[in-house]
file my_file11.cif (mmCIF, C-alpha atoms; chains and numbers go by the auth columns)
data_work
#
loop_
_atom_site.group_PDB
_atom_site.id
_atom_site.type_symbol
_atom_site.label_atom_id
_atom_site.label_comp_id
_atom_site.label_asym_id
_atom_site.label_seq_id
_atom_site.Cartn_x
_atom_site.Cartn_y
_atom_site.Cartn_z
_atom_site.B_iso_or_equiv
_atom_site.auth_seq_id
_atom_site.auth_asym_id
ATOM 1 C CA ALA A 1 15.442 1.948 24.072 0.00 28 A
ATOM 2 C CA VAL A 2 17.877 1.341 21.238 0.00 29 A
ATOM 3 C CA ASP A 3 21.026 3.443 21.044 0.00 30 A
ATOM 4 C CA VAL A 4 21.144 5.396 17.780 0.00 31 A
ATOM 5 C CA GLU A 5 24.698 4.256 17.163 0.00 32 A
ATOM 6 C CA GLU A 6 23.646 0.613 17.578 0.00 33 A
ATOM 7 C CA ARG A 7 20.637 0.768 15.259 0.00 34 A
ATOM 8 C CA PRO A 8 21.021 -1.718 12.396 0.00 35 A
ATOM 9 C CA SER A 9 21.417 -0.405 8.857 0.00 36 A
ATOM 10 C CA PHE A 10 19.428 -1.731 5.920 0.00 37 A
ATOM 11 C CA GLU A 11 20.921 -1.422 2.457 0.00 38 A
ATOM 12 C CA GLU A 12 18.030 -3.303 0.848 0.00 39 A
ATOM 13 C CA PRO A 13 14.337 -3.909 1.632 0.00 40 A
ATOM 14 C CA LEU A 14 13.164 -6.894 3.698 0.00 41 A
ATOM 15 C CA HIS A 15 10.482 -9.329 2.500 0.00 42 A
ATOM 16 C CA LEU A 16 8.255 -9.212 5.581 0.00 43 A
ATOM 17 C CA LEU A 17 5.073 -11.037 4.452 0.00 44 A
ATOM 18 C CA ARG A 18 4.939 -13.662 1.702 0.00 45 A
ATOM 19 C CA PRO A 19 1.879 -15.255 0.091 0.00 46 A
ATOM 20 C CA ASN A 20 1.344 -18.958 0.680 0.00 47 A
ATOM 21 C CA ALA A 21 1.109 -21.333 -2.284 0.00 48 A
ATOM 22 C CA ASP A 22 -2.522 -20.589 -3.202 0.00 49 A
ATOM 23 C CA HIS A 23 -2.513 -16.920 -2.144 0.00 50 A
ATOM 24 C CA SER A 24 -5.078 -17.546 0.585 0.00 51 A
ATOM 25 C CA ALA A 25 -2.918 -16.146 3.411 0.00 52 A
ATOM 26 C CA LEU A 26 0.212 -14.154 4.236 0.00 53 A
ATOM 27 C CA ILE A 27 3.163 -15.760 6.015 0.00 54 A
ATOM 28 C CA ALA A 28 5.554 -13.673 8.133 0.00 55 A
ATOM 29 C CA ASP A 29 9.292 -14.017 7.555 0.00 56 A
ATOM 30 C CA GLU A 30 10.733 -14.706 11.016 0.00 57 A
ATOM 31 C CA ALA A 31 14.225 -13.478 10.130 0.00 58 A
ATOM 32 C CA ALA A 32 12.831 -10.161 8.882 0.00 59 A
ATOM 33 C CA LEU A 33 10.709 -9.791 12.032 0.00 60 A
ATOM 34 C CA LYS A 34 13.743 -10.300 14.259 0.00 61 A
ATOM 35 C CA ARG A 35 15.698 -7.613 12.409 0.00 62 A
ATOM 36 C CA LEU A 36 12.798 -5.169 12.716 0.00 63 A
ATOM 37 C CA GLU A 37 12.402 -5.876 16.439 0.00 64 A
ATOM 38 C CA ALA A 38 15.853 -4.374 17.005 0.00 65 A
ATOM 39 C CA LEU A 39 14.806 -0.989 15.633 0.00 66 A
ATOM 40 C CA GLY A 40 12.963 0.471 18.617 0.00 67 A
ATOM 41 C CA PRO A 41 10.320 3.177 17.915 0.00 68 A
ATOM 42 C CA VAL A 42 9.039 3.232 14.326 0.00 69 A
ATOM 43 C CA THR A 43 6.562 5.114 12.156 0.00 70 A
ATOM 44 C CA VAL A 44 5.144 3.410 9.066 0.00 71 A
ATOM 45 C CA LEU A 45 4.587 4.917 5.613 0.00 72 A
ATOM 46 C CA SER A 46 2.900 2.653 3.053 0.00 73 A
ATOM 47 C CA LEU A 47 1.620 2.741 -0.518 0.00 74 A
ATOM 48 C CA VAL A 48 -1.084 0.588 -2.141 0.00 75 A
ATOM 49 C CA GLY A 49 -2.317 0.649 -5.732 0.00 76 A
ATOM 50 C CA ASN A 50 -2.436 -1.242 -9.010 0.00 77 A
ATOM 51 C CA GLN A 51 0.631 -2.979 -10.365 0.00 78 A
ATOM 52 C CA ARG A 52 2.777 -1.285 -13.033 0.00 79 A
ATOM 53 C CA GLY A 53 1.752 2.098 -11.634 0.00 80 A
ATOM 54 C CA GLY A 54 5.183 3.189 -10.429 0.00 81 A
ATOM 55 C CA LYS A 55 4.583 2.425 -6.736 0.00 82 A
ATOM 56 C CA SER A 56 7.945 0.793 -6.107 0.00 83 A
ATOM 57 C CA THR A 57 9.816 3.527 -7.988 0.00 84 A
ATOM 58 C CA LEU A 58 8.093 6.213 -5.916 0.00 85 A
ATOM 59 C CA MET A 59 8.909 4.427 -2.658 0.00 86 A
ATOM 60 C CA ASN A 60 12.558 4.039 -3.707 0.00 87 A
ATOM 61 C CA LEU A 61 12.721 7.792 -4.302 0.00 88 A
ATOM 62 C CA ILE A 62 11.064 8.512 -0.951 0.00 89 A
ATOM 63 C CA HIS A 63 13.500 6.215 0.845 0.00 90 A
ATOM 64 C CA SER A 64 16.798 7.298 -0.644 0.00 91 A
ATOM 65 C CA ARG A 65 16.203 9.318 -3.827 0.00 92 A
ATOM 66 C CA ARG A 66 17.344 6.436 -5.996 0.00 93 A
ATOM 67 C CA LEU A 67 15.615 4.066 -8.396 0.00 94 A
ATOM 68 C CA SER A 68 16.928 0.794 -6.956 0.00 95 A
ATOM 69 C CA GLY A 69 15.777 -0.980 -3.804 0.00 96 A
ATOM 70 C CA PHE A 70 12.203 -2.192 -4.085 0.00 97 A
ATOM 71 C CA GLN A 71 12.030 -4.354 -7.190 0.00 98 A
ATOM 72 C CA THR A 72 10.645 -2.651 -10.277 0.00 99 A
ATOM 73 C CA GLY A 73 10.041 -3.771 -13.838 0.00 100 A
ATOM 74 C CA HIS A 74 7.950 -3.457 -16.956 0.00 101 A
ATOM 75 C CA TYR A 75 6.464 -6.934 -16.931 0.00 102 A
ATOM 76 C CA LEU A 76 2.907 -8.242 -17.005 0.00 103 A
ATOM 77 C CA ASP A 77 3.442 -10.200 -13.781 0.00 104 A
ATOM 78 C CA SER A 78 3.831 -8.305 -10.536 0.00 105 A
ATOM 79 C CA GLN A 79 7.415 -7.571 -9.468 0.00 106 A
ATOM 80 C CA THR A 80 6.411 -7.222 -5.796 0.00 107 A
ATOM 81 C CA HIS A 81 4.931 -10.218 -3.964 0.00 108 A
ATOM 82 C CA GLY A 82 3.393 -9.866 -0.531 0.00 109 A
ATOM 83 C CA VAL A 83 4.677 -7.021 1.651 0.00 110 A
ATOM 84 C CA TRP A 84 8.198 -5.537 1.706 0.00 111 A
ATOM 85 C CA VAL A 85 9.626 -3.022 4.199 0.00 112 A
ATOM 86 C CA TRP A 86 12.677 -0.791 4.035 0.00 113 A
ATOM 87 C CA PRO A 87 13.730 1.026 7.211 0.00 114 A
ATOM 88 C CA LYS A 88 15.445 4.407 7.251 0.00 115 A
ATOM 89 C CA GLN A 89 16.246 6.876 10.005 0.00 116 A
ATOM 90 C CA HIS A 90 13.561 9.496 10.589 0.00 117 A
ATOM 91 C CA PRO A 91 14.805 12.788 9.083 0.00 118 A
ATOM 92 C CA ARG A 92 13.667 14.912 12.049 0.00 119 A
ATOM 93 C CA LYS A 93 13.275 12.534 15.014 0.00 120 A
ATOM 94 C CA PRO A 94 16.508 10.984 16.347 0.00 121 A
ATOM 95 C CA GLY A 95 16.011 7.422 17.540 0.00 122 A
ATOM 96 C CA VAL A 96 12.894 6.878 15.402 0.00 123 A
ATOM 97 C CA THR A 97 12.893 4.720 12.264 0.00 124 A
ATOM 98 C CA VAL A 98 10.590 5.197 9.285 0.00 125 A
ATOM 99 C CA LEU A 99 9.420 1.911 7.771 0.00 126 A
ATOM 100 C CA ILE A 100 8.767 2.391 4.053 0.00 127 A
ATOM 101 C CA VAL A 101 6.246 -0.287 3.008 0.00 128 A
ATOM 102 C CA ASP A 102 5.683 -1.481 -0.554 0.00 129 A
ATOM 103 C CA CYS A 103 3.169 -4.212 -1.336 0.00 130 A
ATOM 104 C CA GLU A 104 1.846 -6.312 -4.184 0.00 131 A
ATOM 105 C CA GLY A 105 -0.332 -4.570 -6.770 0.00 132 A
ATOM 106 C CA LEU A 106 -4.089 -4.832 -6.291 0.00 133 A
ATOM 107 C CA ASP A 107 -4.687 -6.256 -9.754 0.00 134 A
ATOM 108 C CA SER A 108 -1.984 -8.919 -9.944 0.00 135 A
ATOM 109 C CA PRO A 109 -2.938 -11.648 -12.446 0.00 136 A
ATOM 110 C CA ASN A 110 -3.885 -15.156 -11.318 0.00 137 A
ATOM 111 C CA VAL A 111 -4.487 -14.005 -7.746 0.00 138 A
ATOM 112 C CA PRO A 112 -7.869 -14.279 -5.945 0.00 139 A
ATOM 113 C CA GLN A 113 -9.491 -10.945 -5.191 0.00 140 A
ATOM 114 C CA HIS A 114 -9.787 -11.624 -1.468 0.00 141 A
ATOM 115 C CA TYR A 115 -5.978 -11.855 -1.365 0.00 142 A
ATOM 116 C CA ASP A 116 -5.761 -8.305 -2.767 0.00 143 A
ATOM 117 C CA TRP A 117 -8.095 -7.071 -0.026 0.00 144 A
ATOM 118 C CA LEU A 118 -6.057 -8.900 2.635 0.00 145 A
ATOM 119 C CA VAL A 119 -2.714 -7.420 1.530 0.00 146 A
ATOM 120 C CA ALA A 120 -4.140 -3.907 1.383 0.00 147 A
ATOM 121 C CA ALA A 121 -6.028 -4.187 4.687 0.00 148 A
ATOM 122 C CA VAL A 122 -3.023 -5.535 6.608 0.00 149 A
ATOM 123 C CA THR A 123 -0.974 -2.679 5.165 0.00 150 A
ATOM 124 C CA VAL A 124 -3.537 -0.128 6.403 0.00 151 A
ATOM 125 C CA LEU A 125 -3.545 -1.625 9.894 0.00 152 A
ATOM 126 C CA VAL A 126 0.228 -1.334 10.339 0.00 153 A
ATOM 127 C CA SER A 127 0.470 2.172 8.823 0.00 154 A
ATOM 128 C CA ASP A 128 0.713 5.624 10.334 0.00 155 A
ATOM 129 C CA VAL A 129 0.487 7.142 6.846 0.00 156 A
ATOM 130 C CA PHE A 130 -1.392 5.113 4.230 0.00 157 A
ATOM 131 C CA MET A 131 -1.169 6.241 0.587 0.00 158 A
ATOM 132 C CA TYR A 132 -3.663 4.967 -1.986 0.00 159 A
ATOM 133 C CA GLN A 133 -2.508 5.441 -5.575 0.00 160 A
ATOM 134 C CA THR A 134 -4.713 5.597 -8.673 0.00 161 A
ATOM 135 C CA ARG A 135 -4.400 7.050 -12.140 0.00 162 A
ATOM 136 C CA ALA A 136 -5.461 10.526 -13.241 0.00 163 A
ATOM 137 C CA SER A 137 -8.656 11.166 -11.247 0.00 164 A
ATOM 138 C CA ILE A 138 -10.901 9.974 -8.425 0.00 165 A
ATOM 139 C CA GLU A 139 -13.121 7.419 -10.148 0.00 166 A
ATOM 140 C CA GLN A 140 -16.055 5.507 -8.716 0.00 167 A
ATOM 141 C CA SER A 141 -14.438 2.117 -9.326 0.00 168 A
ATOM 142 C CA SER A 142 -11.340 3.161 -7.343 0.00 169 A
ATOM 143 C CA ALA A 143 -13.528 4.545 -4.569 0.00 170 A
ATOM 144 C CA GLU A 144 -15.486 1.274 -4.398 0.00 171 A
ATOM 145 C CA ARG A 145 -12.234 -0.697 -4.200 0.00 172 A
ATOM 146 C CA LEU A 146 -11.017 1.505 -1.344 0.00 173 A
ATOM 147 C CA ASP A 147 -14.358 1.057 0.406 0.00 174 A
ATOM 148 C CA MET A 148 -13.966 -2.739 0.205 0.00 175 A
ATOM 149 C CA ILE A 149 -10.432 -2.510 1.603 0.00 176 A
ATOM 150 C CA LEU A 150 -11.678 -0.450 4.545 0.00 177 A
ATOM 151 C CA LYS A 151 -14.440 -2.974 5.249 0.00 178 A
ATOM 152 C CA VAL A 152 -11.776 -5.679 5.560 0.00 179 A
ATOM 153 C CA VAL A 153 -9.724 -3.321 7.759 0.00 180 A
ATOM 154 C CA GLU A 154 -12.682 -2.918 10.102 0.00 181 A
ATOM 155 C CA GLN A 155 -13.242 -6.676 10.239 0.00 182 A
ATOM 156 C CA LEU A 156 -9.580 -7.338 11.068 0.00 183 A
ATOM 157 C CA GLY A 157 -9.381 -4.491 13.570 0.00 184 A
ATOM 158 C CA ARG A 158 -12.388 -5.299 15.706 0.00 185 A
ATOM 159 C CA SER A 159 -10.194 -6.210 18.666 0.00 186 A
ATOM 160 C CA GLY A 160 -10.099 -2.489 19.505 0.00 187 A
ATOM 161 C CA THR A 161 -12.573 0.330 19.107 0.00 188 A
ATOM 162 C CA ASN A 162 -12.713 2.257 15.859 0.00 189 A
ATOM 163 C CA GLN A 163 -11.365 5.326 17.639 0.00 190 A
ATOM 164 C CA GLU A 164 -8.389 3.425 19.029 0.00 191 A
ATOM 165 C CA ASN A 165 -7.626 1.867 15.656 0.00 192 A
ATOM 166 C CA LYS A 166 -7.562 5.130 13.724 0.00 193 A
ATOM 167 C CA VAL A 167 -5.666 7.387 16.157 0.00 194 A
ATOM 168 C CA GLY A 168 -2.821 9.110 14.341 0.00 195 A
ATOM 169 C CA ARG A 169 -3.480 7.291 11.063 0.00 196 A
ATOM 170 C CA PHE A 170 -3.366 9.556 8.007 0.00 197 A
ATOM 171 C CA PHE A 171 -4.829 8.763 4.559 0.00 198 A
ATOM 172 C CA LEU A 172 -3.437 10.241 1.363 0.00 199 A
ATOM 173 C CA TRP A 173 -4.993 9.575 -2.061 0.00 200 A
ATOM 174 C CA LEU A 174 -2.298 9.991 -4.736 0.00 201 A
ATOM 175 C CA LEU A 175 -3.480 10.780 -8.259 0.00 202 A
ATOM 176 C CA ARG A 176 -0.667 9.830 -10.647 0.00 203 A
ATOM 177 C CA ASP A 177 -0.449 11.320 -14.157 0.00 204 A
ATOM 178 C CA HIS A 178 -3.048 13.902 -13.215 0.00 205 A
ATOM 179 C CA GLN A 179 -3.728 16.328 -16.069 0.00 206 A
ATOM 180 C CA LEU A 180 -7.310 17.533 -15.602 0.00 207 A
ATOM 181 C CA GLN A 181 -8.130 20.816 -13.884 0.00 208 A
ATOM 182 C CA MET A 182 -10.114 20.364 -10.694 0.00 209 A
ATOM 183 C CA LYS A 183 -13.206 22.449 -9.978 0.00 210 A
ATOM 184 C CA CYS A 184 -12.287 22.583 -6.295 0.00 211 A
ATOM 185 C CA SER A 185 -9.409 21.625 -4.010 0.00 212 A
ATOM 186 C CA PRO A 186 -8.137 18.015 -4.103 0.00 213 A
ATOM 187 C CA LYS A 187 -9.463 17.362 -0.586 0.00 214 A
ATOM 188 C CA GLN A 188 -12.867 18.733 -1.568 0.00 215 A
ATOM 189 C CA GLU A 189 -12.862 16.396 -4.564 0.00 216 A
ATOM 190 C CA LEU A 190 -12.234 13.540 -2.161 0.00 217 A
ATOM 191 C CA GLU A 191 -15.125 14.653 0.022 0.00 218 A
ATOM 192 C CA ARG A 192 -17.455 14.447 -2.982 0.00 219 A
ATOM 193 C CA LEU A 193 -17.380 10.665 -2.752 0.00 220 A
ATOM 194 C CA ALA A 194 -20.569 8.888 -1.735 0.00 221 A
ATOM 195 C CA PRO A 195 -21.497 9.711 1.889 0.00 222 A
ATOM 196 C CA ASP A 196 -20.904 6.145 3.093 0.00 223 A
ATOM 197 C CA GLN A 197 -17.429 6.156 1.500 0.00 224 A
ATOM 198 C CA VAL A 198 -16.515 9.450 3.191 0.00 225 A
ATOM 199 C CA SER A 199 -17.835 8.013 6.473 0.00 226 A
ATOM 200 C CA ALA A 200 -15.557 4.985 6.048 0.00 227 A
ATOM 201 C CA LEU A 201 -12.558 7.294 5.647 0.00 228 A
ATOM 202 C CA LYS A 202 -13.500 9.206 8.795 0.00 229 A
ATOM 203 C CA ARG A 203 -13.973 5.977 10.776 0.00 230 A
ATOM 204 C CA ASN A 204 -10.565 4.621 9.837 0.00 231 A
ATOM 205 C CA PHE A 205 -8.335 7.712 9.632 0.00 232 A
ATOM 206 C CA SER A 206 -7.770 10.730 11.844 0.00 233 A
ATOM 207 C CA GLU A 207 -7.041 12.873 8.789 0.00 234 A
ATOM 208 C CA TYR A 208 -7.238 12.500 5.027 0.00 235 A
ATOM 209 C CA ASP A 209 -6.220 14.423 1.927 0.00 236 A
ATOM 210 C CA CYS A 210 -5.649 14.087 -1.822 0.00 237 A
ATOM 211 C CA VAL A 211 -2.538 15.012 -3.821 0.00 238 A
ATOM 212 C CA PRO A 212 -2.429 15.189 -7.641 0.00 239 A
ATOM 213 C CA LEU A 213 0.929 14.302 -9.229 0.00 240 A
ATOM 214 C CA PRO A 214 1.724 15.139 -12.876 0.00 241 A
#

call {"tool": "encode", "arguments": {"input": "my_file11.cif", "output": "C-alpha coordinates"}}
result
Amino acid sequence: AVDVEERPSFEEPLHLLRPNADHSALIADEAALKRLEALGPVTVLSLVGNQRGGKSTLMNLIHSRRLSGFQTGHYLDSQTHGVWVWPKQHPRKPGVTVLIVDCEGLDSPNVPQHYDWLVAAVTVLVSDVFMYQTRASIEQSSAERLDMILKVVEQLGRSGTNQENKVGRFFLWLLRDHQLQMKCSPKQELERLAPDQVSALKRNFSEYDCVPLP
(Lines of atoms letter the chains of each structure in order from A and count residues from 1; the text may use other names and numbers.)
(Lines give C-alpha, C1' and ligand atoms only; values in the text may rest on other atoms or scores of the structure.)
Protein backbone atom coordinates (compact mmCIF):
# COMPACT_ATOMS: atom_id res chain seq x y z
CA ALA A 1 0.00 0.00 0.00
CA VAL A 2 1.12 3.55 -0.67
CA ASP A 3 0.54 6.19 1.99
CA VAL A 4 -1.67 8.99 0.66
CA GLU A 5 0.75 11.59 1.96
CA GLU A 6 3.63 9.90 0.11
CA ARG A 7 1.86 9.59 -3.25
CA PRO A 8 3.79 11.44 -5.96
CA SER A 9 2.23 14.51 -7.57
CA PHE A 10 2.12 15.04 -11.32
CA GLU A 11 1.93 18.59 -12.61
CA GLU A 12 2.14 17.47 -16.24
CA PRO A 13 1.25 14.33 -18.23
CA LEU A 14 3.75 11.49 -18.77
CA HIS A 15 4.60 10.11 -22.22
CA LEU A 16 4.04 6.42 -21.46
CA LEU A 17 4.16 4.77 -24.92
CA ARG A 18 6.02 6.17 -27.93
CA PRO A 19 5.90 4.98 -31.55
CA ASN A 20 9.07 3.51 -32.99
CA ALA A 21 10.63 5.04 -36.11
CA ASP A 22 8.29 3.42 -38.65
CA HIS A 23 5.19 3.35 -36.44
CA SER A 24 5.09 -0.45 -36.42
CA ALA A 25 5.19 -0.78 -32.62
CA LEU A 26 4.86 1.09 -29.32
CA ILE A 27 7.82 1.48 -26.96
CA ALA A 28 7.29 1.94 -23.21
CA ASP A 29 9.08 4.79 -21.45
CA GLU A 30 10.85 3.13 -18.51
CA ALA A 31 11.08 6.33 -16.46
CA ALA A 32 7.34 6.92 -16.81
CA LEU A 33 6.61 3.30 -15.83
CA LYS A 34 8.69 3.63 -12.67
CA ARG A 35 6.82 6.77 -11.62
CA LEU A 36 3.46 5.08 -12.20
CA GLU A 37 4.51 2.00 -10.22
CA ALA A 38 4.71 4.17 -7.10
CA LEU A 39 1.03 5.10 -7.29
CA GLY A 40 -0.58 2.00 -5.81
CA PRO A 41 -4.22 1.25 -6.80
CA VAL A 42 -5.37 2.99 -9.99
CA THR A 43 -8.44 3.25 -12.21
CA VAL A 44 -7.99 4.21 -15.87
CA LEU A 45 -10.12 6.61 -17.93
CA SER A 46 -9.21 6.90 -21.61
CA LEU A 47 -10.38 8.64 -24.78
CA VAL A 48 -9.85 7.60 -28.41
CA GLY A 49 -10.99 9.37 -31.57
CA ASN A 50 -9.86 11.30 -34.63
CA GLN A 51 -7.23 13.99 -34.37
CA ARG A 52 -8.26 17.67 -34.16
CA GLY A 53 -11.50 16.61 -32.47
CA GLY A 54 -10.84 18.24 -29.10
CA LYS A 55 -9.83 15.03 -27.29
CA SER A 56 -6.86 16.52 -25.46
CA THR A 57 -8.81 19.64 -24.47
CA LEU A 58 -11.61 17.50 -23.03
CA MET A 59 -9.16 15.36 -21.06
CA ASN A 60 -7.44 18.48 -19.68
CA LEU A 61 -10.82 19.72 -18.46
CA ILE A 62 -11.63 16.34 -16.92
CA HIS A 63 -8.27 16.24 -15.14
CA SER A 64 -8.08 19.72 -13.68
CA ARG A 65 -10.64 21.99 -15.37
CA ARG A 66 -7.92 23.77 -17.31
CA LEU A 67 -6.91 23.90 -20.96
CA SER A 68 -3.21 23.13 -20.52
CA GLY A 69 -1.61 19.75 -19.82
CA PHE A 70 -2.08 17.34 -22.70
CA GLN A 71 -0.71 19.06 -25.79
CA THR A 72 -3.30 20.68 -28.03
CA GLY A 73 -3.11 22.63 -31.26
CA HIS A 74 -4.76 23.54 -34.52
CA TYR A 75 -2.27 21.87 -36.84
CA LEU A 76 -2.61 19.31 -39.61
CA ASP A 77 -0.14 16.97 -37.90
CA SER A 78 -1.16 15.25 -34.69
CA GLN A 79 -0.13 17.01 -31.47
CA THR A 80 -0.29 13.76 -29.47
CA HIS A 81 2.05 10.89 -30.36
CA GLY A 82 1.62 7.46 -28.84
CA VAL A 83 -0.04 7.28 -25.42
CA TRP A 84 0.13 9.87 -22.61
CA VAL A 85 -1.13 9.50 -19.03
CA TRP A 86 -1.86 12.07 -16.35
CA PRO A 87 -2.54 10.83 -12.82
CA LYS A 88 -4.83 12.58 -10.36
CA GLN A 89 -6.27 11.60 -7.00
CA HIS A 90 -9.65 9.88 -7.18
CA PRO A 91 -12.30 12.41 -6.09
CA ARG A 92 -14.21 9.92 -3.92
CA LYS A 93 -11.79 7.07 -3.13
CA PRO A 94 -8.83 7.98 -0.88
CA GLY A 95 -5.67 6.11 -1.83
CA VAL A 96 -6.84 5.47 -5.41
CA THR A 97 -5.40 7.33 -8.41
CA VAL A 98 -7.26 8.02 -11.64
CA LEU A 99 -5.06 7.72 -14.73
CA ILE A 100 -6.35 10.05 -17.44
CA VAL A 101 -5.18 8.61 -20.79
CA ASP A 102 -4.91 10.58 -24.03
CA CYS A 103 -3.65 8.95 -27.22
CA GLU A 104 -2.78 9.72 -30.81
CA GLY A 105 -5.65 10.46 -33.18
CA LEU A 106 -6.93 7.56 -35.27
CA ASP A 107 -6.45 9.39 -38.56
CA SER A 108 -2.96 10.83 -38.12
CA PRO A 109 -1.32 11.48 -41.51
CA ASN A 110 1.59 9.37 -42.76
CA VAL A 111 0.87 6.62 -40.24
CA PRO A 112 -0.03 3.01 -41.22
CA GLN A 113 -3.57 2.01 -40.34
CA HIS A 114 -2.50 -1.00 -38.29
CA TYR A 115 -0.68 1.43 -35.97
CA ASP A 116 -3.98 3.25 -35.34
CA TRP A 117 -5.63 -0.05 -34.41
CA LEU A 118 -2.72 -0.95 -32.11
CA VAL A 119 -2.81 2.36 -30.20
CA ALA A 120 -6.57 2.17 -29.74
CA ALA A 121 -6.60 -1.52 -28.78
CA VAL A 122 -3.83 -1.15 -26.19
CA THR A 123 -5.74 1.79 -24.74
CA VAL A 124 -8.91 -0.33 -24.44
CA LEU A 125 -7.03 -3.13 -22.70
CA VAL A 126 -5.63 -0.88 -19.96
CA SER A 127 -8.90 1.03 -19.40
CA ASP A 128 -11.64 0.76 -16.83
CA VAL A 129 -13.64 3.40 -18.70
CA PHE A 130 -13.03 3.65 -22.45
CA MET A 131 -14.51 6.64 -24.32
CA TYR A 132 -14.83 6.59 -28.10
CA GLN A 133 -15.33 10.03 -29.63
CA THR A 134 -16.88 10.82 -33.01
CA ARG A 135 -18.59 13.80 -34.57
CA ALA A 136 -22.32 14.54 -34.55
CA SER A 137 -23.92 11.09 -34.90
CA ILE A 138 -23.36 7.34 -34.86
CA GLU A 139 -22.28 6.61 -38.43
CA GLN A 140 -21.58 3.26 -40.04
CA SER A 141 -17.97 4.15 -40.84
CA SER A 142 -17.29 4.98 -37.18
CA ALA A 143 -19.01 1.78 -36.08
CA GLU A 144 -16.88 -0.26 -38.50
CA ARG A 145 -13.72 1.39 -37.18
CA LEU A 146 -14.73 0.56 -33.60
CA ASP A 147 -15.46 -3.01 -34.65
CA MET A 148 -11.94 -3.32 -36.10
CA ILE A 149 -10.43 -1.92 -32.89
CA LEU A 150 -12.34 -4.49 -30.83
CA LYS A 151 -11.14 -7.31 -33.07
CA VAL A 152 -7.55 -6.27 -32.33
CA VAL A 153 -8.45 -6.04 -28.63
CA GLU A 154 -9.69 -9.63 -28.69
CA GLN A 155 -6.54 -10.81 -30.48
CA LEU A 156 -4.28 -9.08 -27.94
CA GLY A 157 -6.35 -10.22 -24.97
CA ARG A 158 -6.56 -13.91 -25.70
CA SER A 159 -4.35 -14.75 -22.72
CA GLY A 160 -7.51 -14.59 -20.58
CA THR A 161 -11.13 -15.43 -21.22
CA ASN A 162 -13.42 -12.82 -22.71
CA GLN A 163 -15.31 -12.63 -19.43
CA GLU A 164 -12.14 -12.00 -17.44
CA ASN A 165 -10.96 -9.35 -19.89
CA LYS A 166 -14.15 -7.30 -19.82
CA VAL A 167 -14.99 -7.37 -16.09
CA GLY A 168 -15.61 -3.83 -14.87
CA ARG A 169 -14.78 -2.25 -18.23
CA PHE A 170 -17.23 0.45 -19.30
CA PHE A 171 -17.68 1.81 -22.85
CA LEU A 172 -18.92 5.32 -23.55
CA TRP A 173 -19.52 6.62 -27.09
CA LEU A 174 -19.17 10.42 -27.07
CA LEU A 175 -20.93 12.32 -29.86
CA ARG A 176 -19.27 15.74 -30.13
CA ASP A 177 -21.06 18.70 -31.76
CA HIS A 178 -24.31 16.77 -31.67
CA GLN A 179 -27.21 18.83 -33.02
CA LEU A 180 -29.72 16.33 -34.42
CA GLN A 181 -32.73 15.16 -32.42
CA MET A 182 -32.66 11.45 -31.67
CA LYS A 183 -35.72 9.26 -32.23
CA CYS A 184 -34.87 7.25 -29.12
CA SER A 185 -32.45 7.34 -26.20
CA PRO A 186 -28.70 7.58 -26.96
CA LYS A 187 -28.12 4.04 -25.66
CA GLN A 188 -30.94 2.73 -27.86
CA GLU A 189 -29.32 4.45 -30.83
CA LEU A 190 -26.12 2.60 -29.99
CA GLU A 191 -27.99 -0.69 -29.84
CA ARG A 192 -29.26 -0.12 -33.38
CA LEU A 193 -25.81 -0.95 -34.72
CA ALA A 194 -25.41 -4.14 -36.72
CA PRO A 195 -25.97 -7.22 -34.50
CA ASP A 196 -22.34 -8.36 -34.78
CA GLN A 197 -21.14 -4.89 -33.72
CA VAL A 198 -23.43 -4.88 -30.67
CA SER A 199 -22.19 -8.39 -29.85
CA ALA A 200 -18.59 -7.14 -29.97
CA LEU A 201 -19.45 -4.41 -27.46
CA LYS A 202 -21.07 -6.95 -25.13
CA ARG A 203 -18.07 -9.30 -25.40
CA ASN A 204 -15.57 -6.60 -24.50
CA PHE A 205 -17.42 -4.39 -22.01
CA SER A 206 -19.54 -5.03 -18.93
CA GLU A 207 -21.62 -1.94 -19.67
CA TYR A 208 -21.96 0.57 -22.49
CA ASP A 209 -23.74 3.84 -23.17
CA CYS A 210 -23.79 6.86 -25.49
CA VAL A 211 -23.62 10.55 -24.56
CA PRO A 212 -24.33 13.41 -27.00
CA LEU A 213 -22.37 16.63 -26.37
CA PRO A 214 -23.35 19.94 -28.00

call {"tool": "atom_distance", "arguments": {"input": "my_file11.cif", "atom1": "atom CA of A:Lys214", "atom2": "atom CA of A:Pro239"}}
result
10.2 Å

call {"tool": "closest_residue", "arguments": {"input": "my_file11.cif", "among": "A:Ser169, A:Thr70, A:Thr124, A:Ser212", "to": "A:Phe157", "atoms": "all atoms listed in the file"}}
result
A:Thr70

call {"tool": "atom_distance", "arguments": {"input": "my_file11.cif", "atom1": "atom CA of A:Leu66", "atom2": "atom CA of A:Val112"}}
result
12.7 Å

call {"tool": "resolve_selection", "arguments": {"input": "my_file11.cif", "expression": "the PyMOL selection byres ((chain A and resi 44) around 9)", "output": "ChimeraX atom specification"}}
result
/A:42-43,45-46,53-56,59,108-111

call {"tool": "closest_residue", "arguments": {"input": "my_file11.cif", "among": "A:Ala170, A:Val123, A:Val156, A:Cys130", "to": "A:Pro222", "atoms": "all atoms listed in the file"}}
result
A:Ala170
